[in-house]
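Coordinates from input03.txt are shown below (compact mmCIF, C-alpha atoms and all ligand atoms).
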# COMPACT_ATOMS: atom_id res chain seq x y z
CA MET I 1 132.31 65.29 124.80
CA ARG I 2 134.80 64.47 127.58
CA ILE I 3 134.30 65.10 131.29
CA TYR I 4 137.99 66.08 131.48
CA ASP I 5 137.36 69.06 129.16
CA ILE I 6 134.28 70.12 131.14
CA ILE I 7 136.28 70.11 134.40
CA ASP I 8 139.10 72.03 132.72
CA LYS I 9 136.65 74.60 131.33
CA LYS I 10 135.17 75.30 134.76
CA ARG I 11 138.65 75.37 136.28
CA HIS I 12 139.31 78.27 133.91
CA SER I 13 136.09 79.92 135.07
CA LEU I 14 134.29 79.53 131.74
CA PRO I 15 130.52 78.99 131.60
CA LEU I 16 129.28 75.49 130.80
CA THR I 17 126.66 74.84 128.13
CA LYS I 18 123.37 73.02 128.76
CA GLU I 19 124.75 70.00 126.85
CA GLU I 20 127.88 69.90 129.05
CA ILE I 21 125.84 70.11 132.26
CA ASP I 22 123.45 67.39 131.04
CA PHE I 23 126.46 65.24 130.05
CA PHE I 24 127.94 65.62 133.55
CA VAL I 25 124.71 64.86 135.45
CA SER I 26 123.60 61.92 133.29
CA GLY I 27 127.18 60.58 133.22
CA TYR I 28 127.39 60.73 137.01
CA MET I 29 124.08 58.92 137.30
CA ASN I 30 125.12 56.10 134.94
CA ASP I 31 128.63 55.88 136.49
CA SER I 32 130.48 56.88 133.32
CA VAL I 33 131.64 59.93 135.30
CA ALA I 34 133.61 58.79 138.34
CA ASP I 35 133.31 60.21 141.87
CA TYR I 36 136.75 61.83 141.63
CA GLN I 37 135.80 63.58 138.38
CA ALA I 38 132.48 64.78 139.77
CA SER I 39 134.32 66.00 142.91
CA ALA I 40 136.80 67.95 140.80
CA LEU I 41 134.01 69.63 138.86
CA LEU I 42 132.03 70.41 142.02
CA MET I 43 135.13 71.98 143.57
CA ALA I 44 135.71 74.07 140.43
CA ILE I 45 132.06 75.23 140.63
CA CYS I 46 132.52 76.07 144.32
CA ILE I 47 135.55 78.18 143.54
CA ASN I 48 134.51 79.79 140.23
CA GLY I 49 130.71 79.81 140.53
CA MET I 50 128.01 79.45 137.91
CA ASN I 51 125.97 82.09 136.12
CA GLU I 52 122.16 82.21 136.13
CA GLU I 53 121.78 80.14 132.99
CA GLU I 54 124.17 77.43 134.19
CA THR I 55 122.39 77.27 137.57
CA LEU I 56 119.04 76.89 135.79
CA ASN I 57 120.46 74.16 133.54
CA LEU I 58 121.97 72.29 136.49
CA THR I 59 118.62 72.45 138.33
CA ASN I 60 116.86 71.19 135.21
CA ALA I 61 119.30 68.27 134.78
CA MET I 62 118.83 67.18 138.42
CA LEU I 63 115.04 67.64 138.24
CA ARG I 64 114.81 65.54 135.04
CA SER I 65 116.94 62.77 136.58
CA GLY I 66 113.81 61.44 138.33
CA SER I 67 110.06 61.68 138.50
CA GLU I 68 107.91 64.67 139.39
CA ILE I 69 104.72 64.89 141.44
CA ASP I 70 101.80 66.34 139.56
CA LEU I 71 99.81 68.67 141.81
CA SER I 72 98.05 70.45 138.93
CA CYS I 73 94.69 69.10 140.19
CA PHE I 74 95.02 71.55 143.11
CA GLY I 75 95.65 74.54 140.81
CA ASP I 76 97.07 77.59 142.58
CA LEU I 77 96.19 76.17 146.01
CA SER I 78 99.25 73.90 146.24
CA VAL I 79 101.89 75.49 148.47
CA ASP I 80 105.15 74.30 149.93
CA LYS I 81 107.77 75.61 152.30
CA HIS I 82 111.38 74.75 152.86
CA SER I 83 113.88 75.77 155.47
CA THR I 84 117.58 75.65 154.74
CA GLY I 85 117.96 73.99 158.12
CA GLY I 86 118.52 75.10 161.63
CA VAL I 87 118.33 74.28 165.30
CA GLY I 88 114.90 74.15 166.94
CA ASP I 89 113.15 74.76 163.62
CA LYS I 90 109.71 73.21 164.02
CA THR I 91 107.93 75.67 161.74
CA THR I 92 106.50 73.04 159.35
CA LEU I 93 104.51 71.55 162.26
CA ILE I 94 102.96 74.97 162.85
CA VAL I 95 102.66 76.36 159.35
CA ALA I 96 101.21 73.29 157.58
CA PRO I 97 98.04 72.99 159.72
CA ILE I 98 97.50 76.77 159.67
CA VAL I 99 97.51 77.05 155.88
CA ALA I 100 95.59 73.78 155.41
CA ALA I 101 92.91 75.14 157.77
CA LEU I 102 92.62 78.08 155.35
CA GLY I 103 91.95 75.81 152.36
CA LEU I 104 95.46 75.52 150.92
CA LYS I 105 96.98 72.17 149.90
CA VAL I 106 100.25 71.11 151.49
CA ALA I 107 101.73 67.98 149.84
CA LYS I 108 105.10 68.07 151.49
CA MET I 109 108.19 65.91 151.56
CA SER I 110 110.52 66.52 154.47
CA GLY I 111 113.83 65.22 155.69
CA ARG I 112 115.26 63.58 158.79
CA GLY I 113 117.74 65.24 161.12
CA LEU I 114 121.44 64.81 160.54
CA GLY I 115 124.27 66.18 162.64
CA PHE I 116 123.24 69.20 164.68
CA THR I 117 120.12 70.05 162.63
CA GLY I 118 116.73 68.42 163.14
CA GLY I 119 114.23 67.08 160.60
CA THR I 120 110.43 67.25 160.45
CA ILE I 121 110.03 63.52 159.80
CA ASP I 122 111.73 62.60 163.10
CA LYS I 123 109.57 65.13 164.93
CA LEU I 124 106.37 63.70 163.43
CA GLU I 125 107.43 60.18 164.36
CA SER I 126 107.30 61.23 168.04
CA LEU I 127 103.52 60.94 167.71
CA GLY I 128 103.00 57.21 168.21
CA LYS I 129 102.73 55.10 165.09
CA LEU I 130 102.47 58.02 162.68
CA SER I 131 103.50 56.82 159.23
CA THR I 132 105.75 58.96 157.04
CA THR I 133 106.01 56.50 154.15
CA LEU I 134 102.81 56.52 152.12
CA SER I 135 102.19 55.52 148.52
CA GLN I 136 101.82 58.46 146.15
CA ALA I 137 98.11 57.68 145.72
CA LYS I 138 97.49 57.74 149.50
CA PHE I 139 99.63 60.87 149.85
CA LEU I 140 97.60 62.79 147.24
CA ASN I 141 94.31 61.43 148.52
CA GLN I 142 95.06 62.73 152.03
CA VAL I 143 96.02 66.16 150.67
CA ASP I 144 92.77 66.26 148.73
CA ARG I 145 90.72 65.21 151.77
CA ILE I 146 92.24 67.25 154.61
CA GLY I 147 94.67 69.63 152.88
CA VAL I 148 97.91 68.33 154.37
CA CYS I 149 100.21 65.33 154.24
CA VAL I 150 103.92 65.22 155.08
CA ILE I 151 106.05 62.21 154.16
CA GLY I 152 109.76 61.41 153.82
CA GLN I 153 111.69 62.41 150.73
CA SER I 154 110.77 60.09 147.86
CA GLU I 155 113.73 58.21 146.37
CA GLY I 156 112.37 58.91 142.90
CA LEU I 157 112.53 62.71 143.07
CA ALA I 158 115.73 64.38 141.85
CA PRO I 159 117.95 61.30 142.47
CA ALA I 160 120.91 63.14 140.89
CA ASP I 161 120.74 65.70 143.69
CA LYS I 162 120.75 62.90 146.25
CA LYS I 163 123.86 61.32 144.75
CA LEU I 164 125.66 64.63 144.24
CA TYR I 165 124.72 65.92 147.70
CA ALA I 166 126.23 62.83 149.33
CA LEU I 167 129.46 63.53 147.43
CA ARG I 168 129.42 67.24 148.29
CA ASP I 169 128.97 66.37 151.94
CA VAL I 170 132.33 64.57 152.05
CA THR I 171 134.31 66.79 149.66
CA ALA I 172 133.77 70.20 151.29
CA THR I 173 131.63 71.36 148.37
CA VAL I 174 128.32 72.07 150.11
CA GLU I 175 128.85 75.78 150.60
CA SER I 176 128.33 77.13 147.11
CA ILE I 177 125.33 79.29 146.20
CA PRO I 178 124.63 77.79 142.73
CA LEU I 179 125.03 74.25 144.13
CA ILE I 180 122.77 74.86 147.15
CA ALA I 181 120.18 76.76 145.07
CA SER I 182 119.98 74.06 142.37
CA SER I 183 119.96 71.25 144.96
CA ILE I 184 117.08 72.68 146.98
CA MET I 185 115.10 73.87 143.97
CA SER I 186 115.40 70.60 142.02
CA LYS I 187 113.67 68.83 144.94
CA LYS I 188 111.10 71.56 145.48
CA LEU I 189 110.22 71.72 141.76
CA ALA I 190 109.91 67.92 141.62
CA SER I 191 107.52 68.06 144.59
CA GLY I 192 105.13 69.99 142.36
CA ALA I 193 103.77 72.94 144.38
CA LYS I 194 102.80 76.10 142.50
CA SER I 195 103.99 78.44 145.25
CA ILE I 196 106.99 77.93 147.48
CA VAL I 197 108.19 79.86 150.54
CA LEU I 198 111.84 79.42 151.38
CA ASP I 199 113.12 80.16 154.86
CA ILE I 200 116.80 80.93 154.43
CA LYS I 201 118.66 80.72 157.69
CA VAL I 202 121.76 82.80 158.25
CA GLY I 203 124.12 82.72 161.20
CA ASN I 204 126.48 80.37 162.97
CA GLY I 205 123.83 77.62 163.13
CA ALA I 206 123.30 77.69 159.34
CA PHE I 207 125.07 77.07 156.00
CA MET I 208 124.88 80.77 155.14
CA LYS I 209 126.92 82.69 157.66
CA ASP I 210 125.84 86.26 156.75
CA LEU I 211 122.90 88.22 155.38
CA GLU I 212 124.66 89.06 152.13
CA SER I 213 125.10 85.40 151.17
CA GLY I 214 121.52 84.72 152.33
CA ILE I 215 120.24 87.38 149.92
CA SER I 216 122.35 85.97 147.06
CA LEU I 217 120.95 82.48 147.71
CA ALA I 218 117.41 83.89 147.85
CA ASN I 219 117.84 85.68 144.52
CA ALA I 220 119.30 82.56 142.89
CA MET I 221 116.35 80.41 144.06
CA ILE I 222 113.72 82.99 143.08
CA LYS I 223 115.21 83.15 139.56
CA ILE I 224 115.14 79.34 139.29
CA GLY I 225 111.50 79.28 140.46
CA ARG I 226 110.56 81.95 137.93
CA GLY I 227 112.36 80.00 135.19
CA PHE I 228 110.08 77.04 135.93
CA GLY I 229 106.85 79.04 136.25
CA ARG I 230 106.58 78.80 140.06
CA ASN I 231 106.01 81.59 142.58
CA VAL I 232 108.83 81.78 145.11
CA ARG I 233 109.25 84.06 148.12
CA CYS I 234 112.17 84.02 150.53
CA VAL I 235 112.23 84.94 154.18
CA ILE I 236 115.75 85.37 155.51
CA SER I 237 116.00 84.68 159.21
CA ASN I 238 118.56 84.68 161.99
CA MET I 239 120.04 81.34 163.07
CA ASN I 240 122.58 82.52 165.65
CA ILE I 241 120.16 81.57 168.41
CA PRO I 242 118.05 78.36 168.47
CA LEU I 243 114.51 78.90 167.22
CA GLY I 244 112.06 78.73 170.12
CA TYR I 245 112.82 77.12 173.45
CA ALA I 246 112.74 73.42 172.50
CA VAL I 247 115.44 71.47 170.65
CA GLY I 248 114.91 67.77 169.98
CA ASN I 249 111.92 65.89 168.59
CA SER I 250 108.95 65.32 170.92
CA VAL I 251 109.93 68.47 172.85
CA GLU I 252 109.66 70.45 169.61
CA VAL I 253 106.23 68.97 168.84
CA TYR I 254 105.24 70.13 172.34
CA GLU I 255 106.36 73.67 171.50
CA ALA I 256 104.58 73.65 168.13
CA ILE I 257 101.32 72.71 169.90
CA GLN I 258 101.82 75.66 172.26
CA ILE I 259 102.02 78.07 169.30
CA LEU I 260 98.94 76.54 167.65
CA SER I 261 97.14 76.96 170.99
CA GLY I 262 97.90 80.71 170.91
CA ARG I 263 100.78 80.50 173.40
CA GLY I 264 104.50 79.86 172.99
CA GLU I 265 107.62 81.87 172.35
CA LYS I 266 107.49 85.23 170.56
CA ARG I 267 110.28 84.65 168.02
CA LEU I 268 109.05 81.23 166.93
CA ARG I 269 105.53 82.64 166.53
CA GLU I 270 106.90 85.57 164.50
CA ILE I 271 108.69 83.40 161.93
CA ALA I 272 105.96 80.75 161.71
CA LEU I 273 103.30 83.39 161.12
CA ALA I 274 105.45 85.16 158.52
CA LEU I 275 105.99 81.92 156.59
CA ALA I 276 102.31 80.96 156.80
CA SER I 277 101.23 84.41 155.75
CA ASN I 278 103.46 84.37 152.65
CA MET I 279 102.06 80.96 151.67
CA VAL I 280 98.49 82.22 152.14
CA SER I 281 99.20 85.40 150.21
CA MET I 282 100.55 83.47 147.19
CA GLY I 283 98.12 80.53 147.35
CA LEU I 284 94.94 82.55 147.82
CA GLY I 285 96.14 85.61 145.90
CA VAL I 286 95.53 88.06 148.77
CA ASP I 287 97.72 90.90 150.03
CA THR I 288 100.00 90.44 153.03
CA GLN I 289 97.71 92.33 155.41
CA LYS I 290 94.73 90.09 154.56
CA ALA I 291 96.98 87.00 154.75
CA ASN I 292 98.19 88.01 158.23
CA GLN I 293 94.61 88.45 159.37
CA LEU I 294 93.56 85.02 158.02
CA VAL I 295 96.53 83.32 159.68
CA ASP I 296 95.75 85.00 162.97
CA GLU I 297 92.13 83.87 162.80
CA ALA I 298 93.13 80.28 161.98
CA ILE I 299 94.97 80.16 165.33
CA THR I 300 92.61 82.14 167.55
CA SER I 301 89.56 80.23 166.28
CA GLY I 302 91.28 76.91 167.13
CA ARG I 303 90.93 75.72 163.49
CA ALA I 304 94.68 75.27 163.05
CA LEU I 305 94.92 73.06 166.14
CA ILE I 306 91.92 71.00 164.97
CA LYS I 307 93.67 70.61 161.60
CA LEU I 308 96.81 69.35 163.35
CA LYS I 309 94.70 66.66 165.06
CA GLU I 310 93.06 65.67 161.76
CA TRP I 311 96.51 65.47 160.17
CA VAL I 312 97.97 63.29 162.94
CA ILE I 313 94.97 60.93 162.87
CA ALA I 314 95.08 60.69 159.05
CA GLN I 315 98.71 59.50 159.17
CA GLY I 316 98.04 56.98 161.93
CA GLY I 317 99.53 58.98 164.82
CA ASP I 318 98.12 59.15 168.34
CA VAL I 319 96.08 62.27 169.00
CA LYS I 320 96.45 61.88 172.79
CA TYR I 321 99.78 63.72 172.45
CA ILE I 322 98.01 66.75 170.99
CA ASN I 323 95.24 66.64 173.59
CA THR I 324 97.74 66.21 176.46
CA PRO I 325 101.05 67.66 175.20
CA GLU I 326 102.80 67.06 178.54
CA LEU I 327 103.02 63.40 177.47
CA LEU I 328 105.65 64.54 174.99
CA LEU I 329 107.94 65.48 177.90
CA ARG I 330 108.04 61.97 179.38
CA ALA I 331 111.72 61.03 178.82
CA LYS I 332 112.99 58.49 181.35
CA HIS I 333 115.61 60.85 182.80
CA LYS I 334 115.65 64.61 183.30
CA ASP I 335 118.44 66.84 184.49
CA GLU I 336 119.04 70.55 184.85
CA TYR I 337 121.75 72.73 183.37
CA VAL I 338 122.46 75.75 185.56
CA ALA I 339 124.12 79.14 185.00
CA LYS I 340 127.86 79.13 185.64
CA GLU I 341 127.84 82.84 186.52
CA SER I 342 125.42 85.71 187.11
CA GLY I 343 124.70 88.02 184.20
CA TYR I 344 122.78 88.42 180.98
CA ILE I 345 123.00 85.56 178.52
CA SER I 346 124.91 87.23 175.71
CA LYS I 347 125.48 84.15 173.54
CA ILE I 348 123.56 80.92 173.14
CA ASP I 349 125.16 79.32 170.15
CA ALA I 350 122.57 77.53 167.97
CA LYS I 351 125.03 74.98 166.63
CA GLY I 352 126.30 74.16 170.16
CA VAL I 353 122.76 73.62 171.47
CA GLY I 354 122.04 71.43 168.42
CA ILE I 355 125.09 69.30 169.16
CA ALA I 356 124.21 69.12 172.87
CA SER I 357 120.72 67.84 171.98
CA MET I 358 122.22 65.32 169.54
CA LEU I 359 124.45 64.02 172.34
CA LEU I 360 121.35 63.37 174.46
CA GLY I 361 120.14 61.01 171.73
CA ALA I 362 117.89 63.39 169.75
CA GLY I 363 120.04 63.39 166.61
CA ARG I 364 122.19 61.21 164.41
CA VAL I 365 125.88 61.25 163.71
CA LYS I 366 125.38 58.80 160.82
CA LYS I 367 122.27 58.46 158.67
CA THR I 368 121.69 54.93 159.97
CA ASP I 369 121.79 55.86 163.70
CA LYS I 370 118.60 55.30 165.73
CA ILE I 371 117.35 58.31 167.64
CA ASP I 372 115.60 58.74 170.98
CA HIS I 373 112.46 60.70 170.09
CA LEU I 374 111.98 61.82 173.70
CA ALA I 375 115.50 63.21 174.10
CA GLY I 376 116.14 66.94 173.85
CA ILE I 377 116.55 70.26 175.57
CA ILE I 378 114.08 72.84 176.81
CA LEU I 379 115.67 76.22 177.31
CA GLU I 380 114.16 77.85 180.37
CA LYS I 381 116.20 81.01 179.69
CA SER I 382 117.46 82.42 176.44
CA TYR I 383 119.51 85.15 174.82
CA GLY I 384 119.18 88.47 176.65
CA ASP I 385 117.69 87.00 179.86
CA TYR I 386 119.33 87.78 183.22
CA VAL I 387 120.31 84.75 185.30
CA GLU I 388 121.80 84.30 188.76
CA LYS I 389 124.64 81.81 189.13
CA GLY I 390 123.08 78.37 189.79
CA GLN I 391 119.72 79.29 188.20
CA VAL I 392 118.30 76.72 185.78
CA ILE I 393 118.95 77.62 182.14
CA ALA I 394 117.84 74.37 180.53
CA THR I 395 116.06 71.10 181.27
CA LEU I 396 117.67 68.09 179.63
CA TYR I 397 115.74 64.96 178.58
CA SER I 398 117.23 61.57 177.73
CA LYS I 399 116.76 57.85 178.19
CA ASP I 400 120.41 57.55 179.23
CA LYS I 401 121.72 59.45 182.28
CA SER I 402 125.31 59.00 181.17
CA PHE I 403 124.68 61.44 178.29
CA PHE I 404 124.09 64.41 180.61
CA PRO I 405 127.72 65.35 181.49
CA GLY I 406 128.83 65.53 177.80
CA CYS I 407 125.77 67.58 176.92
CA LYS I 408 126.41 69.98 179.80
CA SER I 409 130.01 70.59 178.84
CA ILE I 410 128.93 71.47 175.26
CA LEU I 411 126.32 73.84 176.69
CA THR I 412 128.97 75.50 178.86
CA ASN I 413 131.05 76.17 175.75
CA SER I 414 127.99 77.46 173.88
CA LEU I 415 126.95 80.11 176.40
CA SER I 416 128.43 83.47 177.37
CA TYR I 417 127.33 85.99 179.98
CA SER I 418 127.71 89.77 180.16
CA GLN I 419 127.00 92.44 182.74
CA GLU I 420 125.30 94.63 180.14
CA LYS I 421 122.04 93.56 178.48
CA PRO I 422 123.04 92.49 174.94
CA ARG I 423 121.33 94.19 172.01
CA GLU I 424 118.32 92.40 170.63
CA GLU I 425 118.99 90.25 167.56
CA ALA I 426 116.37 90.74 164.85
CA LEU I 427 114.79 87.45 163.78
CA ILE I 428 113.49 88.22 160.29
CA LEU I 429 116.29 89.95 158.47
CA ASP I 430 114.65 90.36 155.06
CA THR I 431 111.78 89.13 152.91
CA ILE I 432 112.31 88.87 149.18
CA LEU I 433 109.17 88.68 147.06
N1 LIG U 1 120.02 71.54 151.59
C1 LIG U 1 119.92 70.91 150.39
O1 LIG U 1 118.94 70.24 150.11
N2 LIG U 1 120.92 71.07 149.53
C2 LIG U 1 122.00 71.81 149.78
O2 LIG U 1 122.86 71.91 148.93
C3 LIG U 1 122.11 72.44 151.03
C4 LIG U 1 121.08 72.29 151.92
Take the structure in this file and express it as structure tokens.
Amino acid sequence: MRIYDIIDKKRHSLPLTKEEIDFFVSGYMNDSVADYQASALLMAICINGMNEEETLNLTNAMLRSGSEIDLSCFGDLSVDKHSTGGVGDKTTLIVAPIVAALGLKVAKMSGRGLGFTGGTIDKLESLGKLSTTLSQAKFLNQVDRIGVCVIGQSEGLAPADKKLYALRDVTATVESIPLIASSIMSKKLASGAKSIVLDIKVGNGAFMKDLESGISLANAMIKIGRGFGRNVRCVISNMNIPLGYAVGNSVEVYEAIQILSGRGEKRLREIALALASNMVSMGLGVDTQKANQLVDEAITSGRALIKLKEWVIAQGGDVKYINTPELLLRAKHKDEYVAKESGYISKIDAKGVGIASMLLGAGRVKKTDKIDHLAGIILEKSYGDYVEKGQVIATLYSKDKSFFPGCKSILTNSLSYSQEKPREEALILDTIL
């Protein structure tokens, strides 16, 4: 077999066999396939696509490139969730304690933020000395004991995806449904959960720009899950507007605590509860109505908030931040961003707000950059709200005052105003079971 012929085959839009896909993935891992050859094949896949069988075979090859976590001791109770990434998405911090309080087992690996999107690991590390690198034995022991543990992505899981993703990132080959579906699913399958809820974001703050491509991605991932004997559900949600009012790290933990305390913003609560409810429905084998009721009770009874405290303590974090969440808003400098005109806010671009928060120190440009956990933005007003010129739209947090002007100019470009109230944007666009 020659990699040249495999590239040529895909260039002519022909389907690749399992053997050819395995040859490509193992060859790329042992360096017998060069970066430029892998890039050419990835580009041909981006342009000509892959059928269901090829996508399944690619997922399998990436999954088998590393180790897998065995969660079979938890039976049907092991559940996982994954978001395709967005701005202000702190749903894991809300959903994990809710479902763990209901007896489910969340053994989750999460990522760090990069570019304009945030990552759960950075958010968790706002909580004092909370550790996100545990041995597998400690990780599983914690899940067994309290039902939840979240750590950074293990190097050993789906290493082929890691290597290929890094290449896709610099060769304009990220935006391909079979490549995204196999990338996400190889990691989720390796993480071992029996049931997985995927939150697929669509909009200008997400990889998928429209609902149609979101549905295609959902179908591709559900088919992969089914092929590997896992239950998968997809919630497709709007990412034109940041999720919730906080964007950053500690500010997002603050907002998550508000939701778990029965307060917080309506849209964030809606998506978090929908994700939790789908996990409960699959993990406990109950219908959606019963799952909704259980999720509701976990919050109103205070059990979900207690579970968050147990979780933070178990990973070595400082529970004072949960007991007194205002401590999470203690950045050295604060500033205000005010409305440039009077009117309804008719656009609040998620990607722009993500970049503005990154410029305050909350995100990384390069993987190796250090972040300021206390930096971020709290939106005091959002899409559809009426503001008078000069009224505060956002509070900015940073350790460095000199970051405020750059952040403000990005915010100015990210906002529009109208004299008519804009139509409401639905948050959950579809749920695919
Ligand atoms: N997230 C992933 O893990 N992989 C992709 O390809 C895109 C988003």
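Closest approach to I:Asn323 among I:Ile299, I:Leu427, I:Leu127, I:Val280 is made by I:Leu127 (distances from all atoms listed in the file).
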So that I can check the surroundings of I:Ala44, please list as number ranges by chain every protein, DNA and RNA residue that reaches within 12 Å of it, counting all atoms listed in the file and ignoring chain neighbours fewer than 5 positions away. I: 6-16, 37-39, 49-50, 171-173, 176, 178-179
Determine, counting all atoms listed in the file, every residue of protein, DNA or RNA that lies within 9 Å of (120.1, 82.5, 150.1) in the file coordinates, then give the result as a count of residues only. 23
Please, what is the axis-aligned box for every listed atom of stretch 413-417 of chain I with 4 Å on each side, as centre and edge lengths in Å to one decimal, as lines of an AutoDock Vina configuration file?
center_x = 129.0
center_y = 81.1
center_z = 176.9
size_x = 12.1
size_y = 17.8
size_z = 14.1
Just want the residues within 12 Å of ligand LIG 1 (chain U), written as a PyMOL selection string, counting only C-alpha atoms and all ligand atoms. chain I and resi 42+46+59+62+82-86+109-114+117+119+153+158-169+172-188+198-201+206-208+217+221
Would you mind listing what lies within 10 Å of I:Gln391 as a tab-separated table (two decimals) with C-alpha atoms, in the coordinates of the input, with all atoms listed in the file counted and same-chain residues fewer than 5 positions away left out?
chain	number	residue	atom	x	y	z
I	336	GLU	CA	119.04	70.55	184.85
I	337	TYR	CA	121.75	72.73	183.37
I	338	VAL	CA	122.46	75.75	185.56
I	339	ALA	CA	124.12	79.14	185.00
I	340	LYS	CA	127.86	79.13	185.64
I	341	GLU	CA	127.84	82.84	186.52
I	342	SER	CA	125.42	85.71	187.11
I	380	GLU	CA	114.16	77.85	180.37
I	381	LYS	CA	116.20	81.01	179.69
I	386	TYR	CA	119.33	87.78	183.22
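Going from atom CA of I:Leu374 to atom CA of I:Glu326 covers 11.6 Å.
Of note, atom CA of I:Arg269 and atom CA of I:Tyr417 are spaced 25.8 Å apart.
Separating atom CA of I:Leu415 from atom CA of I:Ser357 is a distance of 14.5 Å.
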Contacts of I:Glu68 at 10 Å or less, counting all atoms listed in the file, minus same-chain residues fewer than 3 places along, as a PyMOL selection string? chain I and resi 63-65+71+156-158+186-192
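The list of residues with at least one atom within 12 Å of I:Phe404, based on all atoms listed in the file and without residues fewer than 4 positions apart in the same chain, reads His333, Lys334, Asp335, Glu336, Tyr337, Ala356, Ser357, Met358, Leu359, Leu360, Gly361, Ala375, Gly376, Ile377, Ala394, Thr395, Leu396, Tyr397, Ser398, Lys399, Asp400, Lys408, Ser409, Ile410 and Leu411 of chain I.
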Mind running stretch 84-113 of chain I against stretch 307-319 of chain I at 8 Å and telling me each contacting residue's nearest atom pair with the distance in Å (one decimal), counting only C-alpha atoms, chain and number ascending, as CSV?
residue,atom,partner,partner_atom,distance
I:Pro97,CA,I:Leu308,CA,5.3
I:Ile98,CA,I:Lys307,CA,7.5
I:Ala100,CA,I:Lys307,CA,7.2
I:Ala101,CA,I:Lys307,CA,6.0
Residues within 9 Å of (97.4, 78.2, 143.3), file coords, only C-alpha atoms, listed as number ranges by chain: I: 72, 74-79, 104-105, 193-195, 282-285
